[in-house]
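Student: Sharing a structure below in structure tokens format, with a few things to ask.
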Amino acid sequence: MKIIADKLESAAVIALLEGHLADMYATSPPESVHALDISKLKAADIRFWTAWQNDTLLGCVALKQHSADMGEIKSMRTAPEARGKGVGRALLQFLLAEVRQSGMSKLYLETGSMDFFLPARTLYQSAGFHYCGPFADYTDDPNSLFMCKILE
């Protein structure tokens, strides 16, 4: 598997992200969907990577930098045909290394509280993330759970 910085231009990446947004809107009320569309993922404060096996897109992850020491995981997604093969874990480990290298000491995320999101929450917990309260511009929402990892 190769993980590369991505400009969000390939049809495969766009389709993966459109599927991600479709799932978020099918699972959560619109006011509780915090996934970003492609135009917002191209913002200056966001870095985006994709994972590939040869010419096959396996998944993606983005990092939003809120401050010099604080980042947020955005748009972490494994392609349906690659689920259960360690892609999410590999993307998360890659992202943690990038965050450390960037000098950030705190990494946050928002995810859904529904059963649909349990595999993601389990992955994050296994990597040392702990539940916390809302951060940045988020507010309490029964459909959202927040997690944080303090990096050493």
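Identifiers in the structure tokens: chain A, B, ... in order shown; residue index from 1 per chain; ligand index from 1 in order shown.
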For Ile73 (chain A), work out the shell of residues within 8 Å, counting only C-alpha atoms and skipping chain neighbours fewer than 4 positions away, then give it as a ChimeraX atom specification.
Tutor: /A:61-64,107-110
Student: Filtering to all heavy atoms, could you give me those residues as a short mmCIF file (atom, residue, chain, number, x, y, z; two decimals), in the first residue's frame?
Tutor:
```cif
data_model
loop_
_atom_site.label_atom_id
_atom_site.label_comp_id
_atom_site.auth_asym_id
_atom_site.auth_seq_id
_atom_site.Cartn_x
_atom_site.Cartn_y
_atom_site.Cartn_z
N VAL A 61 -7.78 10.07 3.94
CA VAL A 61 -7.83 10.75 5.23
C VAL A 61 -7.38 12.18 5.03
O VAL A 61 -6.57 12.48 4.15
CB VAL A 61 -6.97 10.03 6.30
CG1 VAL A 61 -5.48 10.14 5.97
CG2 VAL A 61 -7.27 10.55 7.69
N ALA A 62 -7.93 13.08 5.85
CA ALA A 62 -7.54 14.49 5.80
C ALA A 62 -7.22 14.97 7.20
O ALA A 62 -7.71 14.42 8.20
CB ALA A 62 -8.67 15.33 5.19
N LEU A 63 -6.39 15.99 7.26
CA LEU A 63 -6.02 16.63 8.50
C LEU A 63 -6.32 18.12 8.40
O LEU A 63 -5.81 18.80 7.51
CB LEU A 63 -4.52 16.44 8.77
CG LEU A 63 -3.95 17.21 9.97
CD1 LEU A 63 -4.52 16.68 11.28
CD2 LEU A 63 -2.42 17.11 9.96
N LYS A 64 -7.16 18.59 9.30
CA LYS A 64 -7.44 20.02 9.39
C LYS A 64 -6.60 20.56 10.55
O LYS A 64 -6.68 20.06 11.67
CB LYS A 64 -8.92 20.29 9.65
CG LYS A 64 -9.23 21.77 9.78
CD LYS A 64 -10.70 22.04 9.91
CE LYS A 64 -10.91 23.54 10.00
NZ LYS A 64 -12.28 23.92 9.75
N LEU A 107 -4.66 15.77 18.75
CA LEU A 107 -5.41 15.42 17.56
C LEU A 107 -6.83 15.05 17.99
O LEU A 107 -7.02 14.20 18.86
CB LEU A 107 -4.74 14.24 16.85
CG LEU A 107 -5.36 13.82 15.51
CD1 LEU A 107 -5.34 14.96 14.51
CD2 LEU A 107 -4.61 12.60 14.95
N TYR A 108 -7.80 15.69 17.38
CA TYR A 108 -9.21 15.50 17.71
C TYR A 108 -9.96 14.91 16.52
O TYR A 108 -9.49 14.93 15.39
CB TYR A 108 -9.86 16.85 18.05
CG TYR A 108 -9.44 17.43 19.36
CD1 TYR A 108 -8.27 18.18 19.46
CD2 TYR A 108 -10.21 17.26 20.50
CE1 TYR A 108 -7.88 18.74 20.67
CE2 TYR A 108 -9.84 17.81 21.71
CZ TYR A 108 -8.67 18.54 21.79
OH TYR A 108 -8.29 19.09 22.99
N LEU A 109 -11.18 14.45 16.80
CA LEU A 109 -12.09 14.03 15.75
C LEU A 109 -13.51 14.09 16.26
O LEU A 109 -13.76 14.06 17.46
CB LEU A 109 -11.75 12.62 15.26
CG LEU A 109 -11.90 11.47 16.26
CD1 LEU A 109 -13.28 10.81 16.15
CD2 LEU A 109 -10.81 10.45 16.04
N GLU A 110 -14.42 14.20 15.31
CA GLU A 110 -15.86 14.09 15.58
C GLU A 110 -16.34 12.92 14.77
O GLU A 110 -15.96 12.74 13.61
CB GLU A 110 -16.59 15.37 15.14
CG GLU A 110 -18.10 15.33 15.33
CD GLU A 110 -18.87 14.66 14.20
OE1 GLU A 110 -18.36 14.60 13.06
OE2 GLU A 110 -19.99 14.18 14.46
#
```
Student: Tell me, which residues of region 23-149 of chain A carry DSSP strand (DSSP E or B), written as a ChimeraX atom specification?
Tutor: /A:46-53,56-67,70-78,106-112,130-132,144-149
Student: Could you turn the residues from that selection into a file that holds N, CA and C atoms, as a compact mmCIF listing (two decimals), in the first residue's frame?
Tutor:
```
# COMPACT_ATOMS: atom_id res chain seq x y z
N ILE A 46 -6.15 22.41 5.29
CA ILE A 46 -6.40 20.97 5.23
C ILE A 46 -5.38 20.30 4.32
N ARG A 47 -4.84 19.19 4.81
CA ARG A 47 -3.97 18.32 4.01
C ARG A 47 -4.73 17.02 3.79
N PHE A 48 -4.58 16.43 2.61
CA PHE A 48 -5.38 15.27 2.21
C PHE A 48 -4.48 14.20 1.59
N TRP A 49 -4.71 12.94 1.98
CA TRP A 49 -3.92 11.82 1.47
C TRP A 49 -4.83 10.70 1.02
N THR A 50 -4.35 9.91 0.08
CA THR A 50 -5.06 8.72 -0.36
C THR A 50 -4.13 7.51 -0.28
N ALA A 51 -4.74 6.34 -0.07
CA ALA A 51 -4.01 5.08 -0.02
C ALA A 51 -4.34 4.28 -1.29
N TRP A 52 -3.31 3.72 -1.90
CA TRP A 52 -3.46 3.00 -3.16
C TRP A 52 -2.74 1.66 -3.12
N GLN A 53 -3.30 0.70 -3.82
CA GLN A 53 -2.61 -0.55 -4.13
C GLN A 53 -2.58 -0.61 -5.64
N THR A 56 -5.54 0.92 -7.64
CA THR A 56 -6.81 0.79 -6.91
C THR A 56 -6.79 1.68 -5.67
N LEU A 57 -7.77 2.58 -5.59
CA LEU A 57 -7.92 3.45 -4.42
C LEU A 57 -8.45 2.64 -3.25
N LEU A 58 -7.74 2.68 -2.13
CA LEU A 58 -8.14 1.93 -0.95
C LEU A 58 -8.83 2.80 0.10
N GLY A 59 -8.47 4.09 0.18
CA GLY A 59 -9.06 4.95 1.19
C GLY A 59 -8.43 6.32 1.18
N CYS A 60 -8.90 7.14 2.13
CA CYS A 60 -8.40 8.51 2.23
C CYS A 60 -8.50 9.00 3.67
N VAL A 61 -7.78 10.07 3.94
CA VAL A 61 -7.83 10.75 5.23
C VAL A 61 -7.38 12.18 5.03
N ALA A 62 -7.93 13.08 5.85
CA ALA A 62 -7.54 14.49 5.80
C ALA A 62 -7.22 14.97 7.20
N LEU A 63 -6.39 15.99 7.26
CA LEU A 63 -6.02 16.63 8.50
C LEU A 63 -6.32 18.12 8.40
N LYS A 64 -7.16 18.59 9.30
CA LYS A 64 -7.44 20.02 9.39
C LYS A 64 -6.60 20.56 10.55
N GLN A 65 -5.81 21.59 10.27
CA GLN A 65 -4.98 22.18 11.31
C GLN A 65 -5.71 23.38 11.88
N HIS A 66 -6.08 23.28 13.17
CA HIS A 66 -6.79 24.36 13.85
C HIS A 66 -5.84 25.39 14.43
N SER A 67 -4.67 24.94 14.89
CA SER A 67 -3.65 25.82 15.45
C SER A 67 -2.31 25.12 15.33
N MET A 70 -2.78 21.85 17.35
CA MET A 70 -4.03 21.12 17.36
C MET A 70 -4.52 20.81 15.95
N GLY A 71 -4.79 19.51 15.71
CA GLY A 71 -5.33 19.08 14.43
C GLY A 71 -6.61 18.28 14.62
N GLU A 72 -7.30 18.06 13.49
CA GLU A 72 -8.54 17.30 13.50
C GLU A 72 -8.55 16.34 12.31
N ILE A 73 -8.92 15.11 12.57
CA ILE A 73 -9.09 14.13 11.50
C ILE A 73 -10.40 14.43 10.77
N LYS A 74 -10.32 14.49 9.45
CA LYS A 74 -11.50 14.70 8.62
C LYS A 74 -11.51 13.64 7.51
N SER A 75 -12.68 13.27 7.08
CA SER A 75 -12.89 12.44 5.89
C SER A 75 -12.05 11.18 5.85
N MET A 76 -11.96 10.48 6.97
CA MET A 76 -11.28 9.19 6.95
C MET A 76 -12.27 8.17 6.39
N ARG A 77 -11.87 7.50 5.32
CA ARG A 77 -12.80 6.60 4.62
C ARG A 77 -12.02 5.48 3.96
N THR A 78 -12.51 4.27 4.13
CA THR A 78 -11.96 3.11 3.43
C THR A 78 -12.93 2.73 2.33
N LYS A 106 -1.98 17.69 19.92
CA LYS A 106 -3.34 17.22 20.16
C LYS A 106 -4.02 16.94 18.83
N LEU A 107 -4.66 15.77 18.75
CA LEU A 107 -5.41 15.42 17.56
C LEU A 107 -6.83 15.05 17.99
N TYR A 108 -7.80 15.69 17.38
CA TYR A 108 -9.21 15.50 17.71
C TYR A 108 -9.96 14.91 16.52
N LEU A 109 -11.18 14.45 16.80
CA LEU A 109 -12.09 14.03 15.75
C LEU A 109 -13.51 14.09 16.26
N GLU A 110 -14.42 14.20 15.31
CA GLU A 110 -15.86 14.09 15.58
C GLU A 110 -16.34 12.92 14.77
N THR A 111 -17.17 12.08 15.38
CA THR A 111 -17.77 10.95 14.68
C THR A 111 -19.20 10.78 15.18
N GLY A 112 -19.94 9.97 14.49
CA GLY A 112 -21.33 9.77 14.87
C GLY A 112 -21.50 8.88 16.08
N HIS A 130 -9.39 9.02 23.26
CA HIS A 130 -10.32 8.99 24.39
C HIS A 130 -11.47 9.95 24.10
N TYR A 131 -12.63 9.64 24.65
CA TYR A 131 -13.78 10.52 24.47
C TYR A 131 -13.54 11.83 25.22
N CYS A 132 -14.04 12.91 24.65
CA CYS A 132 -13.89 14.24 25.24
C CYS A 132 -15.14 15.04 24.87
N SER A 144 -23.39 13.24 17.81
CA SER A 144 -21.93 13.33 17.66
C SER A 144 -21.22 12.87 18.92
N LEU A 145 -20.08 12.24 18.71
CA LEU A 145 -19.14 11.93 19.78
C LEU A 145 -17.81 12.54 19.40
N PHE A 146 -17.06 12.98 20.40
CA PHE A 146 -15.79 13.64 20.17
C PHE A 146 -14.68 12.84 20.84
N MET A 147 -13.54 12.79 20.18
CA MET A 147 -12.41 12.03 20.71
C MET A 147 -11.14 12.85 20.55
N CYS A 148 -10.16 12.55 21.42
CA CYS A 148 -8.90 13.28 21.41
C CYS A 148 -7.76 12.33 21.73
N LYS A 149 -6.62 12.61 21.17
CA LYS A 149 -5.38 11.90 21.52
C LYS A 149 -4.32 12.96 21.75
```
Student: Given the choices A:Leu123, A:Leu151, A:Val13, A:Met24, which gets closest to Ala90 (chain A) if the distance is worked out from only C-alpha atoms?
Tutor: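 Counting only C-alpha atoms, the residue closest to Ala90 (chain A) is A:Leu123.
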Student: So how many Å separate CA of Pro29 (chain A) and CA of Asp45 (chain A), to one decimal?
Tutor: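 Distance reported for this atom pair: 26.3 Å.
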Student: Need to verify the contact set: Leu36 (chain A), 9 Å, only C-alpha atoms, exclusion of same-chain residues closer than 3 positions in sequence. Can you return it as an MDAnalysis selection string?
Tutor: chainID A and resid 17 21 33 39:41 74:75
Student: Limited to N, CA, C and O atoms, could you put the picked residues into a file as a CSV table (one decimal), in the first residue's frame?
Tutor:
```
chain,number,residue,atom,x,y,z
A,17,LEU,N,-15.3,10.1,-2.0
A,17,LEU,CA,-15.8,11.1,-1.1
A,17,LEU,C,-17.3,11.4,-1.3
A,17,LEU,O,-18.0,11.7,-0.3
A,21,LEU,N,-20.0,11.2,1.8
A,21,LEU,CA,-21.0,12.2,2.1
A,21,LEU,C,-22.4,11.5,2.1
A,21,LEU,O,-23.3,11.8,2.9
A,33,VAL,N,-24.3,16.4,10.3
A,33,VAL,CA,-23.3,16.0,9.4
A,33,VAL,C,-22.2,17.0,9.3
A,33,VAL,O,-22.4,18.2,8.9
A,39,SER,N,-14.8,20.7,-2.2
A,39,SER,CA,-14.3,22.1,-2.2
A,39,SER,C,-13.7,22.5,-0.8
A,39,SER,O,-12.7,23.2,-0.8
A,40,LYS,N,-14.4,22.1,0.2
A,40,LYS,CA,-13.9,22.4,1.6
A,40,LYS,C,-12.7,21.6,1.9
A,40,LYS,O,-11.8,22.1,2.7
A,41,LEU,N,-12.5,20.4,1.4
A,41,LEU,CA,-11.3,19.6,1.6
A,41,LEU,C,-10.1,20.2,0.9
A,41,LEU,O,-9.0,19.9,1.3
A,74,LYS,N,-10.3,14.5,9.5
A,74,LYS,CA,-11.5,14.7,8.6
A,74,LYS,C,-11.5,13.6,7.5
A,74,LYS,O,-10.5,13.2,7.1
A,75,SER,N,-12.7,13.3,7.1
A,75,SER,CA,-12.9,12.4,5.9
A,75,SER,C,-12.0,11.2,5.8
A,75,SER,O,-11.5,10.8,4.8
```
Student: Please identify which residues in region 26-107 of chain A DSSP calls alpha helix (DSSP H) from the backbone, and express them as a list in words.
Tutor: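 Going through region 26-107 of chain A, the alpha helix (DSSP H) residues come out as Ala26, Thr27, Ile38, Ser39, Lys40, Leu41, Val87, Gly88, Arg89, Ala90, Leu91, Leu92, Gln93, Phe94, Leu95, Leu96, Ala97, Glu98, Val99, Arg100, Gln101 and Ser102 of chain A.
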Student: Which residues are near Tyr25 (chain A)? Cut-off 10 Å, only C-alpha atoms, ignore same chain within fewer than 6 positions. Put them as a list in words.
Tutor: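 These residues fall inside the cut-off: Gly19, Glu31, Ser32, Val33, His34 and Ala35 of chain A.
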Student: How far is it from CA of Pro30 (chain A) to CA of Arg89 (chain A), in Å with one decimal?
Tutor: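 Rounded to one decimal, the two atoms are 27.9 Å apart.
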Student: By how many Å are CA of Ala79 (chain A) and CA of Glu18 (chain A) apart?
Tutor: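 Distance between the two atoms: 11.4 Å.
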Student: Just want the 10 Å neighbourhood of Phe116 (chain A), counted on only C-alpha atoms, with same-chain residues fewer than 6 positions away dropped. Output as a ChimeraX atom specification.
Tutor: /A:23-24,27-28
Student: Store the residues picked out above in a file with N, CA, C and O atoms, as a PDB file, in the first residue's frame.
Tutor:
```pdb
ATOM      1  N   ASP A  23     -23.282   8.456   2.702  1.00  0.00           N
ATOM      2  CA  ASP A  23     -23.465   7.660   3.917  1.00  0.00           C
ATOM      3  C   ASP A  23     -23.721   8.542   5.130  1.00  0.00           C
ATOM      4  O   ASP A  23     -24.539   8.203   5.989  1.00  0.00           O
ATOM      5  N   MET A  24     -23.009   9.654   5.211  1.00  0.00           N
ATOM      6  CA  MET A  24     -23.187  10.542   6.368  1.00  0.00           C
ATOM      7  C   MET A  24     -24.614  11.103   6.387  1.00  0.00           C
ATOM      8  O   MET A  24     -25.259  11.131   7.437  1.00  0.00           O
ATOM      9  N   THR A  27     -27.178   8.489   7.376  1.00  0.00           N
ATOM     10  CA  THR A  27     -27.056   7.989   8.740  1.00  0.00           C
ATOM     11  C   THR A  27     -27.388   9.042   9.794  1.00  0.00           C
ATOM     12  O   THR A  27     -27.866   8.708  10.871  1.00  0.00           O
ATOM     13  N   SER A  28     -27.118  10.306   9.498  1.00  0.00           N
ATOM     14  CA  SER A  28     -27.251  11.384  10.484  1.00  0.00           C
ATOM     15  C   SER A  28     -28.198  12.463   9.986  1.00  0.00           C
ATOM     16  O   SER A  28     -28.306  12.682   8.774  1.00  0.00           O
TER      17      SER A  28
END
```
Student: Determine the nearest neighbour of Pro80 (chain A) from the options A:Leu118, A:Ala43, A:Ala15, A:Ala127, counting only C-alpha atoms.
Tutor: A:Ala15
Student: When distances are computed from only C-alpha atoms, which of A:Ala5, A:Ala68, A:Asp141, A:Gly84 shows the smallest separation from Ser113 (chain A)?
Tutor: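 Closest to Ser113 (chain A) of all the choices is A:Asp141.
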